[in-house]
Amino acid sequence: MGCYPELLVEVGKHLRMRDFMILFCISKDFNFALRTHWKAHMLSLAAFMAPESSQVFRFNMYRPLCILDPLSRTIPHRLNEIQVVPGIKWLQMVVHREKASRDILACMARQGHRMPGGMGMSLKKMWLLMDMATNRQRVAFMRSSYWGWEDLYNVQMFVVKLDMRFNDPIDGPASDQMRKLFLGQRGLSPLWRLLKRTGFRSLEDVIKLSVRYNHEVKEKHKFWPIWEIPPHEIGIGHLEGWGKGNTHLYRPDELVVREAIRRRMNMKHHIMMMMLWGYCDPITGENTPPTEKEMYMSDDEERGPPAAWNHYEDPTPEEVEKFEKEKEQAGRDEKDARKAAIAAVEAKKVKEEEAMDVDDMMEERAEADDDFDNDEEMFDENMDM
């Protein structure tokens, strides 16, 4: 295939990023095919492997992830300056963010918190917002036409669903600290790791992240480490420049509220519908479970689907019949168990009542014996007189 570089590039589009890097490192033909038209091939690969992320995270906004043209092509109007082209690190970044955004929505869907259709693009715009280091940049970006009303609505719904994910309706803890902590980070990668259970799996890890983010240190403890975190890293994560400034850096959830008020969207009247959306059909009243597409996670490509989610095809009539029989049998078993539990409760009540009756009879008999003894004593006293 070395004689057909276009085919090599097409093959590269269908590889996982890890396999793509291995092929790029060991194949001279593939390396040469990319270098001949590096910029066009990088943009083509990104558009195929990460269609939405390649549109949101433009390579010219991430200069450290770019390289000079391998063939030293110059800028058309500045012939003395070699043009900057997207590097493989930029391609890795957009592919990672495409995957992470999809996995975040899949994790939420698998927990029952479904999202509307355009949430993926809105989530990536929020990630781009989190890349900005100052409040001035973030506020100006939110006020631009790049953020539509639908994006603001979607991000607010994501914030509501995230609070619902972090709080149990019965056990609580009825707190928004987890949401504030993970939306205040430099990107959504920490949240992705948390929801996928690949990071922050212990309370200690979350506490350390919170200490770095916004922990307020008492004056007497100012020069002491906390949880093995150096003193100069404590409580600075929420500041502009991720610790280099002195002002609190607005989180996406704060900026969305500010922008919604500026645009007079009356977002507060939609919070209840955001909470209720995605759980049942408003017309039929039936439950609307997440679809296979919504639950799809990129790990399933590498390790195979779990046992409870092992195919994408529609079930056969035999499988449907088997499922219905199992459902009916489970219903009968549940009814039998309920009847047995009710019978056990009633039997326990009968035993308690019988025990109470026996106790009452014993008390009455004891009282009768006492009365008889008293009568005997009175009769003996009268006889003596």
# chains A, B, ... in the order shown; residues from 1 in each chain; ligands from 1

$ residues_around --residues "Leu152 of chain A" --least-positions-apart "2" --cutoff "12 Å" --atoms "only C-alpha atoms" --output "compact mmCIF listing (two decimals) with all heavy atoms, in the first residue's frame"
# COMPACT_ATOMS: atom_id res chain seq x y z
N GLY A 118 -28.78 17.84 21.41
CA GLY A 118 -27.65 18.72 21.18
C GLY A 118 -26.73 18.89 22.37
O GLY A 118 -25.89 19.79 22.36
N MET A 119 -26.85 18.02 23.37
CA MET A 119 -26.06 18.20 24.58
C MET A 119 -24.57 17.97 24.33
O MET A 119 -23.73 18.60 24.97
CB MET A 119 -26.55 17.24 25.66
CG MET A 119 -25.84 17.35 26.99
SD MET A 119 -26.06 18.97 27.76
CE MET A 119 -27.76 18.84 28.32
N MET A 121 -22.62 18.79 21.74
CA MET A 121 -21.96 20.01 21.26
C MET A 121 -21.91 21.07 22.35
O MET A 121 -20.89 21.76 22.52
CB MET A 121 -22.70 20.54 20.03
CG MET A 121 -22.12 21.83 19.45
SD MET A 121 -20.43 21.65 18.88
CE MET A 121 -20.70 20.86 17.29
N SER A 122 -22.98 21.21 23.13
CA SER A 122 -22.99 22.19 24.22
C SER A 122 -21.95 21.84 25.27
O SER A 122 -21.30 22.73 25.85
CB SER A 122 -24.38 22.26 24.86
OG SER A 122 -25.36 22.64 23.92
N LEU A 123 -21.75 20.55 25.52
CA LEU A 123 -20.75 20.13 26.50
C LEU A 123 -19.34 20.47 26.03
O LEU A 123 -18.49 20.89 26.82
CB LEU A 123 -20.88 18.63 26.73
CG LEU A 123 -20.49 18.08 28.11
CD1 LEU A 123 -21.33 18.72 29.20
CD2 LEU A 123 -20.64 16.57 28.14
N LYS A 125 -18.59 22.97 24.00
CA LYS A 125 -18.44 24.42 24.12
C LYS A 125 -18.13 24.81 25.56
O LYS A 125 -17.34 25.72 25.81
CB LYS A 125 -19.72 25.12 23.65
CG LYS A 125 -19.96 25.03 22.14
CD LYS A 125 -21.21 25.78 21.74
CE LYS A 125 -21.45 25.69 20.23
NZ LYS A 125 -22.65 26.43 19.82
N MET A 126 -18.74 24.11 26.51
CA MET A 126 -18.44 24.37 27.91
C MET A 126 -16.99 24.00 28.22
O MET A 126 -16.32 24.69 28.99
CB MET A 126 -19.40 23.59 28.81
CG MET A 126 -19.23 23.90 30.29
SD MET A 126 -20.47 23.11 31.34
CE MET A 126 -19.89 21.41 31.32
N MET A 142 -18.93 34.04 26.49
CA MET A 142 -20.33 33.73 26.74
C MET A 142 -21.25 34.73 26.06
O MET A 142 -22.37 34.37 25.65
CB MET A 142 -20.60 33.73 28.26
CG MET A 142 -19.96 32.58 29.01
SD MET A 142 -20.66 30.97 28.58
CE MET A 142 -22.32 31.16 29.15
N ARG A 143 -20.84 35.96 25.92
CA ARG A 143 -21.69 36.98 25.31
C ARG A 143 -21.65 36.95 23.79
O ARG A 143 -22.42 37.67 23.15
CB ARG A 143 -21.27 38.37 25.82
CG ARG A 143 -21.55 38.58 27.30
CD ARG A 143 -21.23 40.00 27.72
NE ARG A 143 -21.55 40.22 29.12
CZ ARG A 143 -21.44 41.39 29.75
NH1 ARG A 143 -21.00 42.45 29.08
NH2 ARG A 143 -21.76 41.50 31.02
N SER A 145 -21.99 35.45 19.85
CA SER A 145 -23.05 34.71 19.16
C SER A 145 -22.75 33.22 19.07
O SER A 145 -23.61 32.44 18.65
CB SER A 145 -23.24 35.29 17.76
OG SER A 145 -22.02 35.22 17.02
N TYR A 146 -21.54 32.83 19.42
CA TYR A 146 -21.17 31.41 19.40
C TYR A 146 -22.03 30.61 20.37
O TYR A 146 -22.29 29.42 20.14
CB TYR A 146 -19.69 31.28 19.75
CG TYR A 146 -19.11 29.91 19.52
CD1 TYR A 146 -18.84 29.46 18.23
CD2 TYR A 146 -18.81 29.07 20.58
CE1 TYR A 146 -18.30 28.22 18.01
CE2 TYR A 146 -18.27 27.82 20.38
CZ TYR A 146 -18.02 27.40 19.08
OH TYR A 146 -17.48 26.15 18.87
N TRP A 147 -22.46 31.25 21.46
CA TRP A 147 -23.32 30.61 22.44
C TRP A 147 -24.77 30.97 22.13
O TRP A 147 -25.20 32.11 22.32
CB TRP A 147 -22.97 31.06 23.86
CG TRP A 147 -21.81 30.33 24.44
CD1 TRP A 147 -20.50 30.59 24.25
CD2 TRP A 147 -21.87 29.18 25.29
NE1 TRP A 147 -19.72 29.69 24.93
CE2 TRP A 147 -20.54 28.81 25.58
CE3 TRP A 147 -22.91 28.43 25.83
CZ2 TRP A 147 -20.23 27.73 26.39
CZ3 TRP A 147 -22.60 27.35 26.65
CH2 TRP A 147 -21.28 27.01 26.91
N GLY A 148 -25.53 29.99 21.66
CA GLY A 148 -26.95 30.21 21.40
C GLY A 148 -27.79 29.95 22.64
O GLY A 148 -27.30 29.48 23.67
N TRP A 149 -29.06 30.25 22.53
CA TRP A 149 -29.97 30.02 23.65
C TRP A 149 -30.08 28.54 23.98
O TRP A 149 -30.20 28.15 25.14
CB TRP A 149 -31.35 30.60 23.32
CG TRP A 149 -31.40 32.09 23.38
CD1 TRP A 149 -30.43 32.95 22.97
CD2 TRP A 149 -32.46 32.89 23.90
NE1 TRP A 149 -30.81 34.25 23.18
CE2 TRP A 149 -32.08 34.25 23.75
CE3 TRP A 149 -33.70 32.61 24.44
CZ2 TRP A 149 -32.88 35.30 24.14
CZ3 TRP A 149 -34.52 33.67 24.83
CH2 TRP A 149 -34.11 34.99 24.69
N GLU A 150 -30.03 27.69 22.94
CA GLU A 150 -30.11 26.25 23.17
C GLU A 150 -28.90 25.76 23.96
O GLU A 150 -29.04 24.90 24.84
CB GLU A 150 -30.18 25.52 21.83
CG GLU A 150 -30.31 24.01 21.97
CD GLU A 150 -30.35 23.30 20.64
OE1 GLU A 150 -30.35 24.00 19.59
OE2 GLU A 150 -30.37 22.06 20.63
N ASN A 154 -29.05 23.89 27.49
CA ASN A 154 -28.47 22.55 27.65
C ASN A 154 -27.47 22.49 28.80
O ASN A 154 -27.46 21.52 29.58
CB ASN A 154 -27.80 22.12 26.35
CG ASN A 154 -28.80 21.74 25.27
OD1 ASN A 154 -29.97 21.49 25.55
ND2 ASN A 154 -28.35 21.71 24.03
N VAL A 155 -26.62 23.50 28.90
CA VAL A 155 -25.62 23.50 29.98
C VAL A 155 -26.31 23.59 31.34
O VAL A 155 -25.91 22.93 32.30
CB VAL A 155 -24.62 24.64 29.78
CG1 VAL A 155 -23.70 24.76 30.98
CG2 VAL A 155 -23.78 24.40 28.53
N GLN A 156 -27.36 24.41 31.44
CA GLN A 156 -28.09 24.50 32.70
C GLN A 156 -28.76 23.17 33.03
O GLN A 156 -28.77 22.74 34.20
CB GLN A 156 -29.13 25.61 32.62
CG GLN A 156 -29.90 25.84 33.92
CD GLN A 156 -29.00 26.23 35.07
OE1 GLN A 156 -28.14 27.10 34.93
NE2 GLN A 156 -29.18 25.58 36.21
N MET A 157 -29.29 22.48 32.02
CA MET A 157 -29.88 21.16 32.26
C MET A 157 -28.81 20.17 32.71
O MET A 157 -29.06 19.36 33.61
CB MET A 157 -30.58 20.64 31.01
CG MET A 157 -31.15 19.24 31.18
SD MET A 157 -31.94 18.57 29.71
CE MET A 157 -33.49 19.46 29.74
N PHE A 158 -27.64 20.25 32.12
CA PHE A 158 -26.56 19.36 32.54
C PHE A 158 -26.18 19.61 33.99
O PHE A 158 -25.92 18.66 34.74
CB PHE A 158 -25.34 19.56 31.62
CG PHE A 158 -24.16 18.71 31.99
CD1 PHE A 158 -24.13 17.37 31.67
CD2 PHE A 158 -23.08 19.27 32.66
CE1 PHE A 158 -23.04 16.58 32.01
CE2 PHE A 158 -21.99 18.49 33.01
CZ PHE A 158 -21.97 17.15 32.68
N VAL A 159 -26.15 20.87 34.40
CA VAL A 159 -25.85 21.20 35.79
C VAL A 159 -26.90 20.61 36.72
O VAL A 159 -26.58 20.03 37.77
CB VAL A 159 -25.74 22.73 35.96
CG1 VAL A 159 -25.66 23.11 37.43
CG2 VAL A 159 -24.53 23.27 35.22
N PRO A 252 -18.45 27.46 34.82
CA PRO A 252 -19.48 27.49 33.77
C PRO A 252 -20.89 27.63 34.32
O PRO A 252 -21.72 28.32 33.72
CB PRO A 252 -19.28 26.15 33.06
CG PRO A 252 -17.86 25.80 33.29
CD PRO A 252 -17.53 26.33 34.66
N ASP A 253 -21.20 26.96 35.45
CA ASP A 253 -22.55 27.07 36.00
C ASP A 253 -22.85 28.49 36.46
O ASP A 253 -24.01 28.94 36.38
CB ASP A 253 -22.75 26.07 37.14
CG ASP A 253 -21.66 26.18 38.20
OD1 ASP A 253 -20.50 26.41 37.83
OD2 ASP A 253 -21.97 26.08 39.40
N GLU A 254 -21.85 29.22 36.94
CA GLU A 254 -22.07 30.61 37.33
C GLU A 254 -22.24 31.51 36.10
O GLU A 254 -23.11 32.40 36.08
CB GLU A 254 -20.88 31.10 38.16
CG GLU A 254 -20.71 30.39 39.48
CD GLU A 254 -19.45 30.81 40.21
OE1 GLU A 254 -18.37 30.79 39.60
OE2 GLU A 254 -19.55 31.16 41.40
N LEU A 255 -21.44 31.26 35.06
CA LEU A 255 -21.50 32.11 33.87
C LEU A 255 -22.79 31.90 33.10
O LEU A 255 -23.33 32.85 32.52
CB LEU A 255 -20.30 31.79 32.97
CG LEU A 255 -18.95 32.23 33.52
CD1 LEU A 255 -17.82 31.58 32.73
CD2 LEU A 255 -18.81 33.74 33.47
N VAL A 256 -23.31 30.68 33.08
CA VAL A 256 -24.57 30.43 32.39
C VAL A 256 -25.71 31.20 33.03
O VAL A 256 -26.56 31.79 32.35
CB VAL A 256 -24.86 28.91 32.36
CG1 VAL A 256 -26.31 28.64 31.96
CG2 VAL A 256 -23.93 28.21 31.39
N VAL A 257 -25.74 31.22 34.35
CA VAL A 257 -26.79 31.97 35.06
C VAL A 257 -26.67 33.46 34.76
O VAL A 257 -27.68 34.14 34.48
CB VAL A 257 -26.71 31.70 36.57
CG1 VAL A 257 -27.67 32.59 37.33
CG2 VAL A 257 -27.01 30.24 36.86
N ARG A 258 -25.47 33.99 34.78
CA ARG A 258 -25.26 35.42 34.51
C ARG A 258 -25.70 35.76 33.08
O ARG A 258 -26.40 36.77 32.85
CB ARG A 258 -23.78 35.77 34.69
CG ARG A 258 -23.30 35.76 36.13
CD ARG A 258 -21.78 35.78 36.19
NE ARG A 258 -21.24 36.98 35.55
CZ ARG A 258 -20.91 38.09 36.19
NH1 ARG A 258 -21.04 38.15 37.51
NH2 ARG A 258 -20.41 39.12 35.55
N GLU A 259 -25.33 34.92 32.12
CA GLU A 259 -25.68 35.21 30.73
C GLU A 259 -27.18 35.04 30.48
O GLU A 259 -27.78 35.79 29.70
CB GLU A 259 -24.89 34.29 29.80
CG GLU A 259 -25.09 34.55 28.32
CD GLU A 259 -24.68 35.95 27.90
OE1 GLU A 259 -23.91 36.60 28.63
OE2 GLU A 259 -25.13 36.39 26.81
N ALA A 260 -27.79 34.04 31.13
CA ALA A 260 -29.24 33.85 30.98
C ALA A 260 -30.01 35.05 31.53
O ALA A 260 -31.02 35.48 30.96
CB ALA A 260 -29.68 32.57 31.69
N ILE A 261 -29.53 35.63 32.63
CA ILE A 261 -30.18 36.84 33.17
C ILE A 261 -29.97 38.00 32.22
O ILE A 261 -30.90 38.79 31.99
CB ILE A 261 -29.60 37.14 34.57
CG1 ILE A 261 -30.00 36.05 35.56
CG2 ILE A 261 -30.08 38.51 35.06
CD1 ILE A 261 -29.34 36.19 36.91
N ARG A 262 -28.79 38.12 31.64
CA ARG A 262 -28.54 39.23 30.71
C ARG A 262 -29.43 39.14 29.48
O ARG A 262 -29.91 40.16 28.96
CB ARG A 262 -27.06 39.23 30.29
CG ARG A 262 -26.62 40.49 29.54
CD ARG A 262 -25.19 40.37 29.05
NE ARG A 262 -25.09 39.45 27.94
CZ ARG A 262 -25.29 39.80 26.66
NH1 ARG A 262 -25.63 41.03 26.36
NH2 ARG A 262 -25.17 38.91 25.70
N ARG A 263 -29.68 37.91 29.02
CA ARG A 263 -30.53 37.73 27.84
C ARG A 263 -32.01 37.62 28.18
O ARG A 263 -32.84 37.41 27.29
CB ARG A 263 -30.10 36.46 27.09
CG ARG A 263 -28.67 36.50 26.56
CD ARG A 263 -28.40 35.32 25.65
NE ARG A 263 -26.99 35.23 25.29
CZ ARG A 263 -26.49 34.37 24.39
NH1 ARG A 263 -27.32 33.54 23.75
NH2 ARG A 263 -25.21 34.35 24.13
N ARG A 264 -32.35 37.72 29.46
CA ARG A 264 -33.73 37.67 29.93
C ARG A 264 -34.42 36.35 29.48
O ARG A 264 -35.51 36.35 28.91
CB ARG A 264 -34.53 38.87 29.41
CG ARG A 264 -33.94 40.21 29.84
CD ARG A 264 -34.77 41.38 29.33
NE ARG A 264 -34.14 42.64 29.64
CZ ARG A 264 -34.25 43.29 30.79
NH1 ARG A 264 -34.99 42.74 31.77
NH2 ARG A 264 -33.65 44.44 30.98
N MET A 265 -33.76 35.25 29.77
CA MET A 265 -34.29 33.95 29.37
C MET A 265 -35.26 33.36 30.38
O MET A 265 -35.93 32.35 30.08
CB MET A 265 -33.12 32.98 29.16
CG MET A 265 -32.26 33.29 27.97
SD MET A 265 -30.90 32.10 27.76
CE MET A 265 -31.79 30.57 27.51
N ASN A 266 -35.34 33.94 31.58
CA ASN A 266 -36.21 33.41 32.63
C ASN A 266 -35.94 31.92 32.87
O ASN A 266 -36.85 31.09 32.90
CB ASN A 266 -37.68 33.63 32.27
CG ASN A 266 -38.06 35.09 32.27
OD1 ASN A 266 -37.57 35.88 33.09
ND2 ASN A 266 -38.92 35.49 31.33
N MET A 267 -34.68 31.60 33.03
CA MET A 267 -34.26 30.20 33.18
C MET A 267 -34.85 29.54 34.42
O MET A 267 -35.08 28.33 34.43
CB MET A 267 -32.74 30.13 33.23
CG MET A 267 -32.18 28.73 33.06
SD MET A 267 -32.20 28.16 31.37
CE MET A 267 -30.76 29.05 30.73
N HIS A 270 -37.74 27.13 34.13
CA HIS A 270 -37.55 25.87 33.40
C HIS A 270 -36.83 24.82 34.22
O HIS A 270 -36.64 23.70 33.73
CB HIS A 270 -36.75 26.14 32.12
CG HIS A 270 -37.40 27.12 31.19
ND1 HIS A 270 -38.35 26.75 30.26
CD2 HIS A 270 -37.25 28.46 31.05
CE1 HIS A 270 -38.74 27.81 29.57
NE2 HIS A 270 -38.09 28.86 30.04

$ select_by_dssp --residues "segment 41-180 of chain A" --states "alpha helix (DSSP H)" --output "number ranges by chain"
A: 41-49, 51-56, 88-110, 119-130, 135-143, 149-166, 177-180

$ residues_around --residues "Trp227 of chain A" --least-positions-apart "3" --cutoff "9 Å" --atoms "only C-alpha atoms" --output "PyMOL selection string"
chain A and resi 204+207-208+211+230

$ write_last_selection --atoms "all heavy atoms" --output "compact mmCIF listing (two decimals), in the first residue's frame"
# COMPACT_ATOMS: atom_id res chain seq x y z
N GLU A 204 -10.28 10.16 50.04
CA GLU A 204 -9.02 10.88 50.17
C GLU A 204 -8.69 11.64 48.89
O GLU A 204 -8.24 12.80 48.94
CB GLU A 204 -7.90 9.91 50.51
CG GLU A 204 -6.53 10.56 50.65
CD GLU A 204 -5.44 9.55 50.94
OE1 GLU A 204 -5.78 8.38 51.23
OE2 GLU A 204 -4.26 9.93 50.89
N ILE A 207 -10.94 14.71 48.64
CA ILE A 207 -10.53 15.73 49.63
C ILE A 207 -9.29 16.46 49.16
O ILE A 207 -9.19 17.69 49.28
CB ILE A 207 -10.32 15.08 51.00
CG1 ILE A 207 -11.65 14.60 51.58
CG2 ILE A 207 -9.65 16.06 51.96
CD1 ILE A 207 -11.53 13.86 52.89
N LYS A 208 -8.33 15.73 48.61
CA LYS A 208 -7.11 16.38 48.11
C LYS A 208 -7.43 17.36 46.98
O LYS A 208 -6.88 18.46 46.92
CB LYS A 208 -6.12 15.32 47.62
CG LYS A 208 -5.43 14.55 48.73
CD LYS A 208 -4.43 13.57 48.16
CE LYS A 208 -3.68 12.83 49.27
NZ LYS A 208 -2.70 11.86 48.72
N VAL A 211 -8.99 20.39 48.57
CA VAL A 211 -7.99 21.22 49.26
C VAL A 211 -7.23 22.07 48.26
O VAL A 211 -6.97 23.26 48.51
CB VAL A 211 -7.04 20.32 50.07
CG1 VAL A 211 -5.84 21.12 50.57
CG2 VAL A 211 -7.78 19.70 51.25
N PRO A 230 1.72 20.63 49.15
CA PRO A 230 2.57 21.77 49.55
C PRO A 230 1.73 23.01 49.87
O PRO A 230 0.66 23.21 49.28
CB PRO A 230 3.46 22.00 48.32
CG PRO A 230 3.44 20.70 47.58
CD PRO A 230 2.09 20.11 47.83

$ atom_distance --atom1 "atom CA of Arg102 of chain A" --atom2 "atom CA of Gly120 of chain A"
6.9 Å

$ closest_residue --among "A:Ala133, A:Ile67, A:Val160, A:Ile226" --to "Arg35 of chain A" --atoms "only C-alpha atoms"
A:Ile67
